[in-house]
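Coordinates from work_1.cif are shown below (mmCIF, C-alpha atoms).
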data_input
loop_
_atom_site.group_PDB
_atom_site.id
_atom_site.type_symbol
_atom_site.label_atom_id
_atom_site.label_comp_id
_atom_site.auth_asym_id
_atom_site.auth_seq_id
_atom_site.Cartn_x
_atom_site.Cartn_y
_atom_site.Cartn_z
ATOM 1 C CA MET A 605 -23.797 -33.552 -13.645
ATOM 2 C CA LYS A 606 -26.007 -33.095 -10.572
ATOM 3 C CA GLN A 607 -22.909 -32.952 -8.367
ATOM 4 C CA LEU A 608 -21.355 -30.285 -10.592
ATOM 5 C CA VAL A 609 -24.506 -28.140 -10.441
ATOM 6 C CA LEU A 610 -24.636 -28.558 -6.655
ATOM 7 C CA CYS A 611 -21.018 -27.456 -6.308
ATOM 8 C CA LEU A 612 -21.645 -24.394 -8.459
ATOM 9 C CA LEU A 613 -24.670 -23.445 -6.350
ATOM 10 C CA VAL A 614 -22.625 -23.752 -3.151
ATOM 11 C CA VAL A 615 -19.862 -21.555 -4.569
ATOM 12 C CA MET A 616 -22.370 -18.953 -5.747
ATOM 13 C CA ALA A 617 -24.175 -18.908 -2.415
ATOM 14 C CA SER A 618 -20.945 -18.545 -0.459
ATOM 15 C CA SER A 619 -20.058 -15.422 -2.398
ATOM 16 C CA PHE A 620 -23.013 -13.660 -0.783
ATOM 17 C CA LEU A 621 -22.089 -14.633 2.782
ATOM 18 C CA THR A 622 -20.390 -12.190 5.159
ATOM 19 C CA PRO A 623 -17.060 -13.580 6.404
ATOM 20 C CA VAL A 624 -17.147 -14.571 10.055
ATOM 21 C CA THR A 625 -14.959 -12.249 12.130
ATOM 22 C CA THR A 626 -14.225 -11.884 15.815
ATOM 23 C CA ASP A 627 -13.019 -8.302 15.425
ATOM 24 C CA LEU A 628 -14.867 -5.495 17.162
ATOM 25 C CA SER A 629 -17.113 -3.469 14.925
ATOM 26 C CA PRO A 630 -15.843 0.067 14.212
ATOM 27 C CA LYS A 631 -18.808 1.363 16.245
ATOM 28 C CA ASP A 632 -17.946 -0.753 19.303
ATOM 29 C CA ARG A 633 -14.265 0.101 19.077
ATOM 30 C CA LYS A 634 -14.958 3.842 18.844
ATOM 31 C CA PHE A 635 -17.487 3.696 21.686
ATOM 32 C CA ALA A 636 -14.988 1.990 23.999
ATOM 33 C CA VAL A 637 -11.997 4.163 23.106
ATOM 34 C CA ASP A 638 -14.004 7.383 23.405
ATOM 35 C CA TYR A 639 -15.388 6.313 26.779
ATOM 36 C CA TYR A 640 -11.951 5.378 28.090
ATOM 37 C CA ILE A 641 -10.521 8.739 27.031
ATOM 38 C CA LYS A 642 -13.481 10.720 28.401
ATOM 39 C CA THR A 643 -13.382 9.063 31.828
ATOM 40 C CA LYS A 644 -9.606 9.429 32.056
ATOM 41 C CA GLU A 645 -9.765 13.137 31.241
ATOM 42 C CA ARG A 646 -12.559 13.734 33.744
ATOM 43 C CA LEU A 647 -10.543 12.228 36.598
ATOM 44 C CA LEU A 648 -7.373 14.125 35.669
ATOM 45 C CA LYS A 649 -9.285 17.405 35.398
ATOM 46 C CA ASP A 650 -10.896 16.890 38.814
ATOM 47 C CA VAL A 651 -7.740 16.083 40.774
ATOM 48 C CA GLY A 652 -4.989 17.783 38.788
ATOM 49 C CA GLN A 653 -4.832 20.990 40.831
ATOM 50 C CA LEU A 654 -5.808 19.726 44.285
ATOM 51 C CA THR A 655 -3.631 20.530 47.290
ATOM 52 C CA SER A 656 -2.368 18.030 49.864
ATOM 53 C CA ALA A 657 -5.051 19.205 52.307
ATOM 54 C CA GLN A 658 -7.782 18.720 49.729
ATOM 55 C CA LEU A 659 -6.516 15.274 48.744
ATOM 56 C CA ALA A 660 -6.415 14.159 52.384
ATOM 57 C CA PHE A 661 -9.814 15.583 53.399
ATOM 58 C CA LYS A 662 -12.496 13.136 54.582
ATOM 59 C CA PRO A 663 -16.149 14.198 54.927
ATOM 60 C CA ASP A 664 -16.303 11.819 57.901
ATOM 61 C CA SER A 665 -14.355 8.889 59.318
ATOM 62 C CA SER A 666 -16.400 6.301 57.404
ATOM 63 C CA ARG A 667 -15.673 7.749 53.964
ATOM 64 C CA TRP A 668 -12.601 7.720 51.756
ATOM 65 C CA SER A 669 -10.423 10.712 51.057
ATOM 66 C CA ILE A 670 -9.695 11.709 47.468
ATOM 67 C CA THR A 671 -6.234 10.135 47.795
ATOM 68 C CA GLN A 672 -7.872 6.858 48.824
ATOM 69 C CA CYS A 673 -10.319 7.075 45.906
ATOM 70 C CA ILE A 674 -7.434 7.564 43.475
ATOM 71 C CA GLU A 675 -5.572 4.604 44.980
ATOM 72 C CA HIS A 676 -8.659 2.422 44.643
ATOM 73 C CA ILE A 677 -9.144 3.504 41.019
ATOM 74 C CA ALA A 678 -5.508 2.684 40.211
ATOM 75 C CA LEU A 679 -5.662 -0.722 41.897
ATOM 76 C CA ALA A 680 -8.913 -1.619 40.149
ATOM 77 C CA GLU A 681 -7.670 -0.371 36.787
ATOM 78 C CA ASP A 682 -5.020 -3.082 36.830
ATOM 79 C CA GLY A 683 -7.001 -5.706 38.748
ATOM 80 C CA LEU A 684 -10.065 -5.536 36.502
ATOM 81 C CA TRP A 685 -7.852 -5.556 33.407
ATOM 82 C CA GLN A 686 -6.223 -8.796 34.564
ATOM 83 C CA TRP A 687 -9.656 -10.271 35.293
ATOM 84 C CA CYS A 688 -10.784 -9.448 31.743
ATOM 85 C CA MET A 689 -7.677 -11.008 30.222
ATOM 86 C CA LEU A 690 -8.062 -14.182 32.303
ATOM 87 C CA SER A 691 -11.707 -14.398 31.215
ATOM 88 C CA LEU A 692 -10.589 -14.060 27.597
ATOM 89 C CA LYS A 693 -8.598 -17.293 28.003
ATOM 90 C CA SER A 694 -11.481 -19.187 29.617
ATOM 91 C CA ASP A 695 -14.397 -21.027 28.036
ATOM 92 C CA THR A 696 -16.086 -21.861 31.335
ATOM 93 C CA LEU A 697 -19.074 -19.551 30.857
ATOM 94 C CA LYS A 698 -21.433 -19.617 27.915
ATOM 95 C CA LYS A 699 -23.262 -16.720 26.306
ATOM 96 C CA PRO A 700 -26.145 -15.590 28.558
ATOM 97 C CA GLU A 701 -29.693 -15.473 27.250
ATOM 98 C CA THR A 702 -29.969 -11.811 28.189
ATOM 99 C CA ALA A 703 -27.406 -9.115 28.844
ATOM 100 C CA PRO A 704 -27.486 -5.359 29.478
ATOM 101 C CA THR A 705 -26.782 -2.956 26.659
ATOM 102 C CA ASN A 706 -23.505 -1.052 26.890
ATOM 103 C CA GLU A 707 -25.421 2.013 28.023
ATOM 104 C CA GLN A 708 -27.362 0.065 30.668
ATOM 105 C CA LEU A 709 -24.161 -1.481 31.998
ATOM 106 C CA ILE A 710 -22.430 1.886 32.355
ATOM 107 C CA ALA A 711 -25.511 3.470 33.946
ATOM 108 C CA GLY A 712 -25.715 0.650 36.481
ATOM 109 C CA VAL A 713 -22.050 0.798 37.456
ATOM 110 C CA THR A 714 -22.009 4.583 37.790
ATOM 111 C CA ASP A 715 -25.237 4.745 39.830
ATOM 112 C CA ARG A 716 -23.959 6.138 43.138
ATOM 113 C CA THR A 717 -27.273 5.510 44.887
ATOM 114 C CA LYS A 718 -26.338 1.825 44.964
ATOM 115 C CA LYS A 719 -23.479 1.238 47.401
ATOM 116 C CA ALA A 720 -21.011 -1.626 47.212
ATOM 117 C CA GLN A 721 -18.100 -2.886 49.291
ATOM 118 C CA ALA A 722 -14.764 -3.002 47.477
ATOM 119 C CA PRO A 723 -12.960 -6.379 47.561
ATOM 120 C CA GLU A 724 -10.185 -6.541 50.136
ATOM 121 C CA MET A 725 -7.440 -6.540 47.501
ATOM 122 C CA LEU A 726 -8.752 -3.307 45.963
ATOM 123 C CA GLN A 727 -9.235 -1.364 49.171
ATOM 124 C CA PRO A 728 -6.862 1.605 49.644
ATOM 125 C CA LYS A 729 -4.091 0.745 52.108
ATOM 126 C CA ASP A 730 -1.322 3.178 51.162
ATOM 127 C CA GLN A 731 0.038 0.921 48.433
ATOM 128 C CA PHE A 732 1.410 4.011 46.642
ATOM 129 C CA PRO A 733 3.728 6.675 48.111
ATOM 130 C CA ASP A 734 1.158 9.397 47.389
ATOM 131 C CA ALA A 735 -1.770 10.375 45.191
ATOM 132 C CA ALA A 736 0.544 11.423 42.349
ATOM 133 C CA ALA A 737 2.106 7.948 42.211
ATOM 134 C CA ALA A 738 -1.313 6.289 42.197
ATOM 135 C CA LEU A 739 -2.494 8.635 39.460
ATOM 136 C CA LYS A 740 0.628 7.863 37.401
ATOM 137 C CA ALA A 741 -0.060 4.124 37.689
ATOM 138 C CA PHE A 742 -3.653 4.716 36.600
ATOM 139 C CA VAL A 743 -2.632 6.749 33.549
ATOM 140 C CA GLU A 744 -0.040 4.187 32.440
ATOM 141 C CA ARG A 745 -2.515 1.328 32.665
ATOM 142 C CA ARG A 746 -5.324 3.341 31.081
ATOM 143 C CA ASP A 747 -3.178 4.461 28.134
ATOM 144 C CA SER A 748 -2.050 0.870 27.558
ATOM 145 C CA THR A 749 -5.648 -0.355 27.552
ATOM 146 C CA ILE A 750 -6.681 2.383 25.115
ATOM 147 C CA GLN A 751 -3.966 1.250 22.707
ATOM 148 C CA TYR A 752 -5.124 -2.338 23.116
ATOM 149 C CA LEU A 753 -8.718 -1.398 22.298
ATOM 150 C CA LYS A 754 -7.638 0.561 19.239
ATOM 151 C CA GLY A 755 -6.015 -2.441 17.604
ATOM 152 C CA THR A 756 -7.047 -5.716 19.214
ATOM 153 C CA THR A 757 -8.494 -8.563 17.166
ATOM 154 C CA ASP A 758 -9.057 -10.718 20.263
ATOM 155 C CA PRO A 759 -12.520 -12.353 20.342
ATOM 156 C CA LEU A 760 -13.768 -10.158 23.172
ATOM 157 C CA LYS A 761 -17.423 -10.953 22.469
ATOM 158 C CA GLU A 762 -16.930 -14.705 22.449
ATOM 159 C CA HIS A 763 -15.721 -15.070 26.037
ATOM 160 C CA PHE A 764 -17.738 -14.288 29.156
ATOM 161 C CA MET A 765 -17.255 -13.321 32.780
ATOM 162 C CA PRO A 766 -19.427 -13.195 35.907
ATOM 163 C CA THR A 767 -20.022 -9.728 37.361
ATOM 164 C CA PRO A 768 -22.487 -8.049 39.770
ATOM 165 C CA ALA A 769 -24.328 -6.968 36.595
ATOM 166 C CA GLY A 770 -24.664 -10.619 35.538
ATOM 167 C CA THR A 771 -22.693 -12.611 32.996
ATOM 168 C CA ILE A 772 -21.283 -10.301 30.340
ATOM 169 C CA ASP A 773 -18.773 -10.666 27.524
ATOM 170 C CA VAL A 774 -15.193 -9.493 27.921
ATOM 171 C CA PHE A 775 -15.802 -6.417 25.769
ATOM 172 C CA GLN A 776 -18.431 -5.287 28.252
ATOM 173 C CA GLY A 777 -16.056 -6.278 31.044
ATOM 174 C CA LEU A 778 -13.648 -3.692 29.675
ATOM 175 C CA LEU A 779 -16.463 -1.129 29.570
ATOM 176 C CA LEU A 780 -17.201 -2.000 33.197
ATOM 177 C CA LEU A 781 -13.560 -1.221 34.011
ATOM 178 C CA ALA A 782 -13.853 2.295 32.599
ATOM 179 C CA ALA A 783 -17.258 2.775 34.227
ATOM 180 C CA HIS A 784 -15.695 1.801 37.555
ATOM 181 C CA SER A 785 -13.246 4.694 37.300
ATOM 182 C CA GLU A 786 -16.116 7.038 36.453
ATOM 183 C CA ARG A 787 -18.074 5.794 39.469
ATOM 184 C CA HIS A 788 -15.244 6.736 41.806
ATOM 185 C CA THR A 789 -14.566 9.987 39.975
ATOM 186 C CA LEU A 790 -18.152 10.835 40.875
ATOM 187 C CA GLN A 791 -17.289 9.888 44.452
ATOM 188 C CA ILE A 792 -14.358 12.310 44.339
ATOM 189 C CA GLU A 793 -16.695 15.043 43.115
ATOM 190 C CA GLU A 794 -19.012 14.300 46.046
ATOM 191 C CA VAL A 795 -16.089 14.750 48.466
ATOM 192 C CA MET A 796 -15.202 18.052 46.812
ATOM 193 C CA LYS A 797 -18.760 19.312 47.399
ATOM 194 C CA SER A 798 -18.828 18.213 51.044
ATOM 195 C CA PRO A 799 -19.143 20.815 53.837
ATOM 196 C CA GLY A 800 -15.717 21.676 55.196
ATOM 197 C CA PHE A 801 -13.792 20.782 52.051
ATOM 198 C CA PRO A 802 -10.628 22.960 52.143
ATOM 199 C CA SER A 803 -10.569 25.912 49.779
ATOM 200 C CA ARG A 804 -6.860 25.202 49.203
#
Reformat the file's structure so that it appears as structure tokens.
Amino acid sequence: MKQLVLCLLVVMASSFLTPVTTDLSPKDRKFAVDYYIKTKERLLKDVGQLTSAQLAFKPDSSRWSITQCIEHIALAEDGLWQWCMLSLKSDTLKKPETAPTNEQLIAGVTDRTKKAQAPEMLQPKDQFPDAAAALKAFVERRDSTIQYLKGTTDPLKEHFMPTPAGTIDVFQGLLLLAAHSERHTLQIEEVMKSPGFPSR
């Protein structure tokens, strides 16, 4: 009799529990998709009507041209995506005790007062025929990632990756990817405001 009562109590209690799910919350999914779309549109709006002279202009010999910025964005768009997907398959890192909020992460990545050296593999070295080809590669990868974020049920918050911002989950790794493109879109806007930037 005691066992029967115990079983009934367990069944009743379980009916009040929320099923465990690894899916993104609707809020997280919307936040990521909206941010990916917004940062894509900002880049396309900035560079869509630029001339060859404007794309090639350098404020000085130590800084990248807009074409080089676009190439770097395109290379990183794919490279960071692959890094996120590899991290999703790894259980090497455990959940950190503290982590930045999504907003803090994006603010940190897009802070142009803090300079960073791009890894060798992501540095622009004319890996595309021109800026249009690099931009096309960016858009294709970005659109594919947006579709992934809209429907994925992968456990993005259960796998972790090391970054300059500390250990973060793969969902935030994907936010970092979009923030990276925004960081270099801001760099493009700096070039466009530089003295001597061609009018056409």
**Prompt:** Which of these residues is nearest to Phe732 of chain A, using all atoms listed in the file: A:Asp664, A:Asp773, A:Glu675, A:Asp747?
**Reply:**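 Result for the nearest residue to Phe732 of chain A: A:Glu675.
Proximity ranking of A:Leu753, A:Met796, A:Val713, A:Ala736 relative to Asp632 of chain A places A:Leu753 first, based on only C-alpha atoms.
Using all atoms listed in the file, the nearest neighbour of Ile677 of chain A within the list A:Gln776, A:Thr789, A:Ser691, A:Thr655 is A:Thr789.
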**Residue nearest Phe801 of chain A - candidates A:Ser748, A:Thr717, A:Ser785, A:Ser669, atoms counted: all atoms listed in the file** = A:Ser669
**Asked** atom CA of Ala782 of chain A and atom CA of Lys644 of chain A are how many Å apart?
**Response**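 Between atom CA of Ala782 of chain A and atom CA of Lys644 of chain A the gap is 8.3 Å.
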**atom CA of Leu692 of chain A to atom CA of His763 of chain A, straight-line distance in Å** =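 Spanning atom CA of His763 of chain A to atom CA of Leu692 of chain A is a straight-line distance of 5.5 Å.
Residues matching the PyMOL selection byres ((chain A and resi 802) around 8) in this structure come to Ala657, Gln658, Phe661, Gly800, Phe801, Ser803 and Arg804 of chain A.
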What's the 12 Å shell around Asp682 of chain A, counting all atoms listed in the file, without same-chain residues fewer than 2 positions away, as a short mmCIF file (atom, residue, chain, number, x, y, z; two decimals) with C-alpha atoms, in the frame of the given file?
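Below is the file out_34.cif, written as the result:
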data_model
loop_
_atom_site.label_atom_id
_atom_site.label_comp_id
_atom_site.auth_asym_id
_atom_site.auth_seq_id
_atom_site.Cartn_x
_atom_site.Cartn_y
_atom_site.Cartn_z
CA GLU A 675 -5.57 4.60 44.98
CA HIS A 676 -8.66 2.42 44.64
CA ILE A 677 -9.14 3.50 41.02
CA ALA A 678 -5.51 2.68 40.21
CA LEU A 679 -5.66 -0.72 41.90
CA ALA A 680 -8.91 -1.62 40.15
CA LEU A 684 -10.06 -5.54 36.50
CA TRP A 685 -7.85 -5.56 33.41
CA GLN A 686 -6.22 -8.80 34.56
CA TRP A 687 -9.66 -10.27 35.29
CA CYS A 688 -10.78 -9.45 31.74
CA MET A 689 -7.68 -11.01 30.22
CA MET A 725 -7.44 -6.54 47.50
CA LEU A 726 -8.75 -3.31 45.96
CA ALA A 738 -1.31 6.29 42.20
CA ALA A 741 -0.06 4.12 37.69
CA PHE A 742 -3.65 4.72 36.60
CA VAL A 743 -2.63 6.75 33.55
CA GLU A 744 -0.04 4.19 32.44
CA ARG A 745 -2.52 1.33 32.66
CA ARG A 746 -5.32 3.34 31.08
CA ASP A 747 -3.18 4.46 28.13
CA SER A 748 -2.05 0.87 27.56
CA THR A 749 -5.65 -0.36 27.55
CA LEU A 778 -13.65 -3.69 29.68
CA LEU A 781 -13.56 -1.22 34.01
CA ALA A 782 -13.85 2.30 32.60
CA HIS A 784 -15.70 1.80 37.56
CA SER A 785 -13.25 4.69 37.30
#
